[in-house]
Amino acid sequence: MANRSLQLTLNGNAAEPVDIPDDLLMIDYLHEYKNLTGSRLGCGQGICHACVVIVDNPDGTSEEVRTCITGAHYFAGKRVRTIEGHATRDDEGKVTQLNPIQQRFVDEFAFQCSYCAPGFVNAATVLVEKLQRQPVAKSQLEKVVEDSLGHHICRCTGYVRYFSATRNVLTELGLVREG
Amino acid sequence: MKYPLLRIAMAVGLAGSSALALAETQVERGEYLTRAADCMACHTAKGGAPYAGGLPIDSPFGTIYGTNITPSKEHGIGLYNDDEFFAALNEGKRRDGANLYPAMPYTSYHRVTREDADAIHAYLKTVEPIERAAPETSLSFPFNVRPGIIAWNLMYGDGVPLESPEGKSQAWQRGQYMVDVLGHCGECHTPRGMAGAMQADKRMMGGVLNGYLAPSLLARDLADRGWSHEDLSSFLKLGMSDQGTMFNEMYPVFHNSTQYLADDDLNAIATFLLGDQPPEARVLNEVPLDQVSSSAQRGRQQYLNVCAGCHAPGGEGKPHIAVAMRGNTTLRLDDPRNLLRVIEDGIGEQKFTGFERMQPMPGFADKLDQQALTDLLNYLRQTWGGKDSDLVLADVQALQEEASPE
């Protein structure tokens, strides 16, 4: 395997270019080279979605990408957010405030063991950003949450609370319109 | 108890009589033949009651709906007698004398024996009658007028002439009946002309259907794509083999039809397709990276970026997850459209015989631009597909435009 230099933006900061194997998976790059261990390796085959990160596209949209089946070099030049990038931190890097989704998941006891939580937080974040561009009608809320979170697997089966907390946070953020 | 007819027969005290034994045998044979003829494919809507019709079939002449062939007297074929059923199967004639649209493959079923047609009819009489009309079909010329279909039938109704069975083995002859007649494989694998009829001079040479290629089934082409007799028959039985899995239109064919075929018939099919003296299946070795084109070399990074997570960096695939690229038959097709379509569209989760599963493959239409796709196709085809020339961007562009003309 040859090495190849990788440069990308991680959580708003340009990551220092590093020579990594050309077939290194993104999750291994995050864990082993960047010490960002919050993205979880679950199934390792693209099913459970515990490993997803957010990619910010140049057109202003954002999307989830599975890091356990996607090579690190796919992300070359891209803007990537991981679970570590959501909360507000002080100058020493300590978390001072969770983002609204994280806070709501905590408040509503949405997760139990938390292994799948980073994936669910990222999926809900992508959904919030999508609805910020175009709010959803109340009648469609249930479906939109199902479509956005439904492919994430929670082995503690905490789906009901994840889904309900997400519906509540979307409503709280004013992203649900009458209709 | 499986068969309502049998239940009725037993209720009136016929159990054990020779008439019943005959009926049971005929219905069982009919069930098998109905599977082999894959009637379900068109006559059952997605998630619908078996044989109740309603499946939309897109054609260049409009959308055709599979009809209700349950024994419903009002909406199905409950009033058909054996003669009328035989005429529908063999000549595309409805009970009222009207012509069926040639989406009904009577051009292939034309040669179904009377005995087999009666058995199929006997079986269909035992399925649950569904009292529901299938949606009406309306087509453009020439199929929207009766004389149009009559003229079409005069020209094309007999189907493609069969190869002479002279000097061929019993297995070959049985295989011909399974493939060319009951299985009506040519309806997709033989290209169609302007009038929508199979082109007699291009028998089994491969046709395009809904943007995918139903590849050539000629013996030399199958062998060139790596198919041996054993692999071909087990592929039909299991839906998967070293060469890959059934996907697109063949996936339901496997589910509704080929997985139920007896080993003798599977062997007969392989014998017919590859011939009594089958050509040697071509074995390909992986071509090293320094011997492929520069586009293919760039394509390797695309492969590592978005494919290798499941198909493995060395192309060996992962059991129950993703097929191998090494030895994959789709990579060996001259026409790259199936490979392109699969990469762009993905494949849903697949279930196979004996609890086997393959997990869903995502589509990459929004992840790979035309150059990346071109490079990736070149990498796959040159490394594991035995191809030695490059596709260019315009090739990919043309295939994409063909798939979505607007």
# chains A, B, ... in the order shown; residues from 1 in each chain; ligands from 1

call {"tool": "closest_atom_pairs", "arguments": {"of": "chain B", "to": "chain A", "cutoff": "10 Å", "atoms": "only C-alpha atoms", "output": "tab-separated table"}}
result
residue	atom	partner	partner_atom	distance
B:Arg300	CA	A:Asp22	CA	9.5
B:Gln301	CA	A:Asp22	CA	7.1
B:Gln302	CA	A:Tyr74	CA	7.6
B:Tyr303	CA	A:Gly71	CA	9.0
B:Leu304	CA	A:Asp23	CA	5.3
B:Asn305	CA	A:Gly71	CA	4.1
B:Val306	CA	A:Thr70	CA	5.2
B:Cys307	CA	A:Thr70	CA	7.6
B:Ala308	CA	A:Ile69	CA	7.4
B:Gly309	CA	A:Ile69	CA	4.1
B:Cys310	CA	A:Ile69	CA	6.4
B:His311	CA	A:Ile69	CA	9.6
B:Ala312	CA	A:Asp23	CA	9.5
B:Pro313	CA	A:Asp23	CA	7.0
B:Lys318	CA	A:Gln45	CA	9.6
B:Ile321	CA	A:Gln45	CA	7.5
B:Ala322	CA	A:Gln45	CA	9.4
B:Gln359	CA	A:Ile47	CA	8.1
B:Pro360	CA	A:Ile47	CA	8.5
B:Met361	CA	A:Gly46	CA	9.2
B:Pro362	CA	A:Gly46	CA	9.3
B:Lys367	CA	A:Tyr74	CA	9.5

call {"tool": "residues_around", "arguments": {"residues": "Gln132 (chain A)", "least_positions_apart": "5", "cutoff": "10 Å", "atoms": "only C-alpha atoms", "output": "number ranges by chain"}}
result
A: 126-127, 170, 173-176

call {"tool": "atom_distance", "arguments": {"atom1": "CA of Val145 (chain B)", "atom2": "CA of Phe61 (chain B)"}}
result
12.4 Å

call {"tool": "residues_around", "arguments": {"residues": "Thr330 (chain B)", "least_positions_apart": "6", "cutoff": "10 Å", "atoms": "only C-alpha atoms", "output": "PyMOL selection string"}}
result
chain B and resi 215+225+243-245+336-339+342+380-381+385

call {"tool": "write_last_selection", "arguments": {"atoms": "C-alpha atoms", "output": "short mmCIF file (atom, residue, chain, number, x, y, z; two decimals), in the first residue's frame"}}
result
data_model
loop_
_atom_site.label_atom_id
_atom_site.label_comp_id
_atom_site.auth_asym_id
_atom_site.auth_seq_id
_atom_site.Cartn_x
_atom_site.Cartn_y
_atom_site.Cartn_z
CA PRO B 215 -26.34 -9.79 -21.23
CA ARG B 225 -17.32 -13.94 -18.80
CA GLN B 243 -19.25 -14.49 -10.51
CA GLY B 244 -21.57 -12.31 -8.40
CA THR B 245 -25.22 -12.17 -7.39
CA PRO B 336 -20.03 -0.98 -19.18
CA ARG B 337 -23.64 0.07 -18.55
CA ASN B 338 -24.52 -2.47 -15.85
CA LEU B 339 -21.39 -1.63 -13.89
CA VAL B 342 -25.00 -0.38 -10.22
CA LEU B 380 -12.40 -2.22 -12.28
CA ARG B 381 -12.57 -3.36 -15.90
CA GLY B 385 -12.40 -7.54 -16.04
#

call {"tool": "residues_around", "arguments": {"residues": "Lys168 (chain B)", "least_positions_apart": "2", "cutoff": "12 Å", "atoms": "only C-alpha atoms", "output": "JSON, numbers by chain"}}
result
{"B": [163, 164, 165, 166, 170, 171, 172, 173, 174, 175, 176, 268, 271, 272, 275, 276, 277]}

call {"tool": "select_by_dssp", "arguments": {"residues": "region 69-116 of chain A", "states": "alpha helix (DSSP H)", "output": "NGL selection string"}}
result
:A and (100-107)

call {"tool": "decode", "arguments": {"residues": "region 100-147 of chain A", "atoms": "N, CA and C atoms", "output": "PDB file, in the first residue's frame"}}
result
ATOM      1  N   PRO A 100     -28.117  22.150  20.994  1.00  0.00           N
ATOM      2  CA  PRO A 100     -29.502  21.893  21.423  1.00  0.00           C
ATOM      3  C   PRO A 100     -29.905  20.419  21.310  1.00  0.00           C
ATOM      4  N   ILE A 101     -29.378  19.734  20.315  1.00  0.00           N
ATOM      5  CA  ILE A 101     -29.752  18.322  20.152  1.00  0.00           C
ATOM      6  C   ILE A 101     -29.135  17.485  21.263  1.00  0.00           C
ATOM      7  N   GLN A 102     -27.838  17.702  21.490  1.00  0.00           N
ATOM      8  CA  GLN A 102     -27.183  16.956  22.570  1.00  0.00           C
ATOM      9  C   GLN A 102     -27.901  17.187  23.899  1.00  0.00           C
ATOM     10  N   GLN A 103     -28.226  18.466  24.157  1.00  0.00           N
ATOM     11  CA  GLN A 103     -28.868  18.815  25.425  1.00  0.00           C
ATOM     12  C   GLN A 103     -30.216  18.112  25.557  1.00  0.00           C
ATOM     13  N   ARG A 104     -30.952  18.133  24.454  1.00  0.00           N
ATOM     14  CA  ARG A 104     -32.290  17.522  24.487  1.00  0.00           C
ATOM     15  C   ARG A 104     -32.198  16.006  24.679  1.00  0.00           C
ATOM     16  N   PHE A 105     -31.235  15.394  24.017  1.00  0.00           N
ATOM     17  CA  PHE A 105     -31.045  13.941  24.183  1.00  0.00           C
ATOM     18  C   PHE A 105     -30.714  13.617  25.646  1.00  0.00           C
ATOM     19  N   VAL A 106     -29.912  14.484  26.296  1.00  0.00           N
ATOM     20  CA  VAL A 106     -29.575  14.274  27.711  1.00  0.00           C
ATOM     21  C   VAL A 106     -30.821  14.470  28.568  1.00  0.00           C
ATOM     22  N   ASP A 107     -31.511  15.606  28.314  1.00  0.00           N
ATOM     23  CA  ASP A 107     -32.686  15.933  29.133  1.00  0.00           C
ATOM     24  C   ASP A 107     -33.754  14.846  29.068  1.00  0.00           C
ATOM     25  N   GLU A 108     -33.906  14.256  27.889  1.00  0.00           N
ATOM     26  CA  GLU A 108     -34.997  13.277  27.715  1.00  0.00           C
ATOM     27  C   GLU A 108     -34.510  11.826  27.856  1.00  0.00           C
ATOM     28  N   PHE A 109     -33.287  11.661  28.362  1.00  0.00           N
ATOM     29  CA  PHE A 109     -32.732  10.304  28.540  1.00  0.00           C
ATOM     30  C   PHE A 109     -32.891   9.487  27.252  1.00  0.00           C
ATOM     31  N   ALA A 110     -32.507  10.103  26.141  1.00  0.00           N
ATOM     32  CA  ALA A 110     -32.748   9.459  24.848  1.00  0.00           C
ATOM     33  C   ALA A 110     -31.887   8.224  24.658  1.00  0.00           C
ATOM     34  N   PHE A 111     -30.699   8.217  25.239  1.00  0.00           N
ATOM     35  CA  PHE A 111     -29.818   7.053  25.032  1.00  0.00           C
ATOM     36  C   PHE A 111     -29.543   6.361  26.358  1.00  0.00           C
ATOM     37  N   GLN A 112     -29.175   5.100  26.250  1.00  0.00           N
ATOM     38  CA  GLN A 112     -28.809   4.348  27.452  1.00  0.00           C
ATOM     39  C   GLN A 112     -27.297   4.126  27.468  1.00  0.00           C
ATOM     40  N   CYS A 113     -26.807   3.168  26.679  1.00  0.00           N
ATOM     41  CA  CYS A 113     -25.360   2.905  26.730  1.00  0.00           C
ATOM     42  C   CYS A 113     -24.563   3.966  25.990  1.00  0.00           C
ATOM     43  N   SER A 114     -25.215   4.676  25.084  1.00  0.00           N
ATOM     44  CA  SER A 114     -24.641   5.818  24.345  1.00  0.00           C
ATOM     45  C   SER A 114     -23.766   5.450  23.162  1.00  0.00           C
ATOM     46  N   TYR A 115     -23.609   4.149  22.900  1.00  0.00           N
ATOM     47  CA  TYR A 115     -22.707   3.787  21.807  1.00  0.00           C
ATOM     48  C   TYR A 115     -23.173   4.376  20.469  1.00  0.00           C
ATOM     49  N   CYS A 116     -24.473   4.411  20.260  1.00  0.00           N
ATOM     50  CA  CYS A 116     -24.999   4.883  18.980  1.00  0.00           C
ATOM     51  C   CYS A 116     -25.227   6.389  18.982  1.00  0.00           C
ATOM     52  N   ALA A 117     -25.076   7.019  20.172  1.00  0.00           N
ATOM     53  CA  ALA A 117     -25.481   8.417  20.309  1.00  0.00           C
ATOM     54  C   ALA A 117     -24.767   9.383  19.341  1.00  0.00           C
ATOM     55  N   PRO A 118     -23.445   9.244  19.135  1.00  0.00           N
ATOM     56  CA  PRO A 118     -22.803  10.195  18.198  1.00  0.00           C
ATOM     57  C   PRO A 118     -23.452  10.169  16.814  1.00  0.00           C
ATOM     58  N   GLY A 119     -23.816   8.981  16.371  1.00  0.00           N
ATOM     59  CA  GLY A 119     -24.468   8.865  15.066  1.00  0.00           C
ATOM     60  C   GLY A 119     -25.824   9.527  15.058  1.00  0.00           C
ATOM     61  N   PHE A 120     -26.595   9.299  16.111  1.00  0.00           N
ATOM     62  CA  PHE A 120     -27.927   9.910  16.192  1.00  0.00           C
ATOM     63  C   PHE A 120     -27.823  11.436  16.284  1.00  0.00           C
ATOM     64  N   VAL A 121     -26.841  11.934  17.061  1.00  0.00           N
ATOM     65  CA  VAL A 121     -26.668  13.390  17.176  1.00  0.00           C
ATOM     66  C   VAL A 121     -26.345  13.980  15.796  1.00  0.00           C
ATOM     67  N   ASN A 122     -25.449  13.304  15.070  1.00  0.00           N
ATOM     68  CA  ASN A 122     -25.091  13.822  13.743  1.00  0.00           C
ATOM     69  C   ASN A 122     -26.272  13.775  12.779  1.00  0.00           C
ATOM     70  N   ALA A 123     -27.032  12.697  12.832  1.00  0.00           N
ATOM     71  CA  ALA A 123     -28.193  12.589  11.944  1.00  0.00           C
ATOM     72  C   ALA A 123     -29.205  13.687  12.265  1.00  0.00           C
ATOM     73  N   ALA A 124     -29.447  13.906  13.569  1.00  0.00           N
ATOM     74  CA  ALA A 124     -30.414  14.936  13.962  1.00  0.00           C
ATOM     75  C   ALA A 124     -29.884  16.328  13.607  1.00  0.00           C
ATOM     76  N   THR A 125     -28.571  16.522  13.692  1.00  0.00           N
ATOM     77  CA  THR A 125     -27.979  17.814  13.326  1.00  0.00           C
ATOM     78  C   THR A 125     -28.176  18.095  11.834  1.00  0.00           C
ATOM     79  N   VAL A 126     -27.932  17.075  11.022  1.00  0.00           N
ATOM     80  CA  VAL A 126     -28.149  17.236   9.579  1.00  0.00           C
ATOM     81  C   VAL A 126     -29.617  17.572   9.308  1.00  0.00           C
ATOM     82  N   LEU A 127     -30.509  16.938  10.061  1.00  0.00           N
ATOM     83  CA  LEU A 127     -31.939  17.203   9.881  1.00  0.00           C
ATOM     84  C   LEU A 127     -32.273  18.646  10.283  1.00  0.00           C
ATOM     85  N   VAL A 128     -31.738  19.098  11.410  1.00  0.00           N
ATOM     86  CA  VAL A 128     -31.970  20.485  11.841  1.00  0.00           C
ATOM     87  C   VAL A 128     -31.522  21.449  10.736  1.00  0.00           C
ATOM     88  N   GLU A 129     -30.346  21.186  10.185  1.00  0.00           N
ATOM     89  CA  GLU A 129     -29.810  22.092   9.162  1.00  0.00           C
ATOM     90  C   GLU A 129     -30.636  22.059   7.881  1.00  0.00           C
ATOM     91  N   LYS A 130     -31.182  20.898   7.585  1.00  0.00           N
ATOM     92  CA  LYS A 130     -32.053  20.786   6.399  1.00  0.00           C
ATOM     93  C   LYS A 130     -33.341  21.599   6.623  1.00  0.00           C
ATOM     94  N   LEU A 131     -33.897  21.484   7.816  1.00  0.00           N
ATOM     95  CA  LEU A 131     -35.153  22.181   8.096  1.00  0.00           C
ATOM     96  C   LEU A 131     -34.921  23.682   8.291  1.00  0.00           C
ATOM     97  N   GLN A 132     -33.692  24.057   8.640  1.00  0.00           N
ATOM     98  CA  GLN A 132     -33.390  25.492   8.710  1.00  0.00           C
ATOM     99  C   GLN A 132     -33.479  26.121   7.314  1.00  0.00           C
ATOM    100  N   ARG A 133     -33.186  25.331   6.312  1.00  0.00           N
ATOM    101  CA  ARG A 133     -33.329  25.827   4.937  1.00  0.00           C
ATOM    102  C   ARG A 133     -34.788  25.791   4.521  1.00  0.00           C
ATOM    103  N   GLN A 134     -35.510  24.783   4.975  1.00  0.00           N
ATOM    104  CA  GLN A 134     -36.934  24.684   4.661  1.00  0.00           C
ATOM    105  C   GLN A 134     -37.680  23.952   5.775  1.00  0.00           C
ATOM    106  N   PRO A 135     -38.424  24.700   6.626  1.00  0.00           N
ATOM    107  CA  PRO A 135     -39.135  24.071   7.737  1.00  0.00           C
ATOM    108  C   PRO A 135     -40.134  23.029   7.248  1.00  0.00           C
ATOM    109  N   VAL A 136     -40.489  22.143   8.147  1.00  0.00           N
ATOM    110  CA  VAL A 136     -41.378  21.044   7.776  1.00  0.00           C
ATOM    111  C   VAL A 136     -42.779  21.310   8.330  1.00  0.00           C
ATOM    112  N   ALA A 137     -43.796  20.843   7.601  1.00  0.00           N
ATOM    113  CA  ALA A 137     -45.174  20.956   8.094  1.00  0.00           C
ATOM    114  C   ALA A 137     -45.372  19.953   9.224  1.00  0.00           C
ATOM    115  N   LYS A 138     -46.170  20.337  10.192  1.00  0.00           N
ATOM    116  CA  LYS A 138     -46.390  19.496  11.374  1.00  0.00           C
ATOM    117  C   LYS A 138     -46.845  18.087  10.988  1.00  0.00           C
ATOM    118  N   SER A 139     -47.689  18.019   9.980  1.00  0.00           N
ATOM    119  CA  SER A 139     -48.223  16.714   9.575  1.00  0.00           C
ATOM    120  C   SER A 139     -47.126  15.795   9.022  1.00  0.00           C
ATOM    121  N   GLN A 140     -46.027  16.390   8.588  1.00  0.00           N
ATOM    122  CA  GLN A 140     -44.938  15.603   7.994  1.00  0.00           C
ATOM    123  C   GLN A 140     -43.809  15.307   8.983  1.00  0.00           C
ATOM    124  N   LEU A 141     -43.921  15.892  10.189  1.00  0.00           N
ATOM    125  CA  LEU A 141     -42.808  15.827  11.138  1.00  0.00           C
ATOM    126  C   LEU A 141     -42.386  14.388  11.451  1.00  0.00           C
ATOM    127  N   GLU A 142     -43.372  13.586  11.785  1.00  0.00           N
ATOM    128  CA  GLU A 142     -43.107  12.186  12.140  1.00  0.00           C
ATOM    129  C   GLU A 142     -42.319  11.477  11.034  1.00  0.00           C
ATOM    130  N   LYS A 143     -42.789  11.683   9.811  1.00  0.00           N
ATOM    131  CA  LYS A 143     -42.167  10.998   8.669  1.00  0.00           C
ATOM    132  C   LYS A 143     -40.742  11.488   8.434  1.00  0.00           C
ATOM    133  N   VAL A 144     -40.570  12.816   8.545  1.00  0.00           N
ATOM    134  CA  VAL A 144     -39.243  13.389   8.299  1.00  0.00           C
ATOM    135  C   VAL A 144     -38.230  12.855   9.314  1.00  0.00           C
ATOM    136  N   VAL A 145     -38.646  12.756  10.575  1.00  0.00           N
ATOM    137  CA  VAL A 145     -37.747  12.236  11.610  1.00  0.00           C
ATOM    138  C   VAL A 145     -37.445  10.759  11.329  1.00  0.00           C
ATOM    139  N   GLU A 146     -38.468  10.024  10.981  1.00  0.00           N
ATOM    140  CA  GLU A 146     -38.279   8.599  10.654  1.00  0.00           C
ATOM    141  C   GLU A 146     -37.306   8.441   9.474  1.00  0.00           C
ATOM    142  N   ASP A 147     -37.512   9.236   8.428  1.00  0.00           N
ATOM    143  CA  ASP A 147     -36.650   9.141   7.250  1.00  0.00           C
ATOM    144  C   ASP A 147     -35.206   9.512   7.572  1.00  0.00           C
TER     145      ASP A 147
END
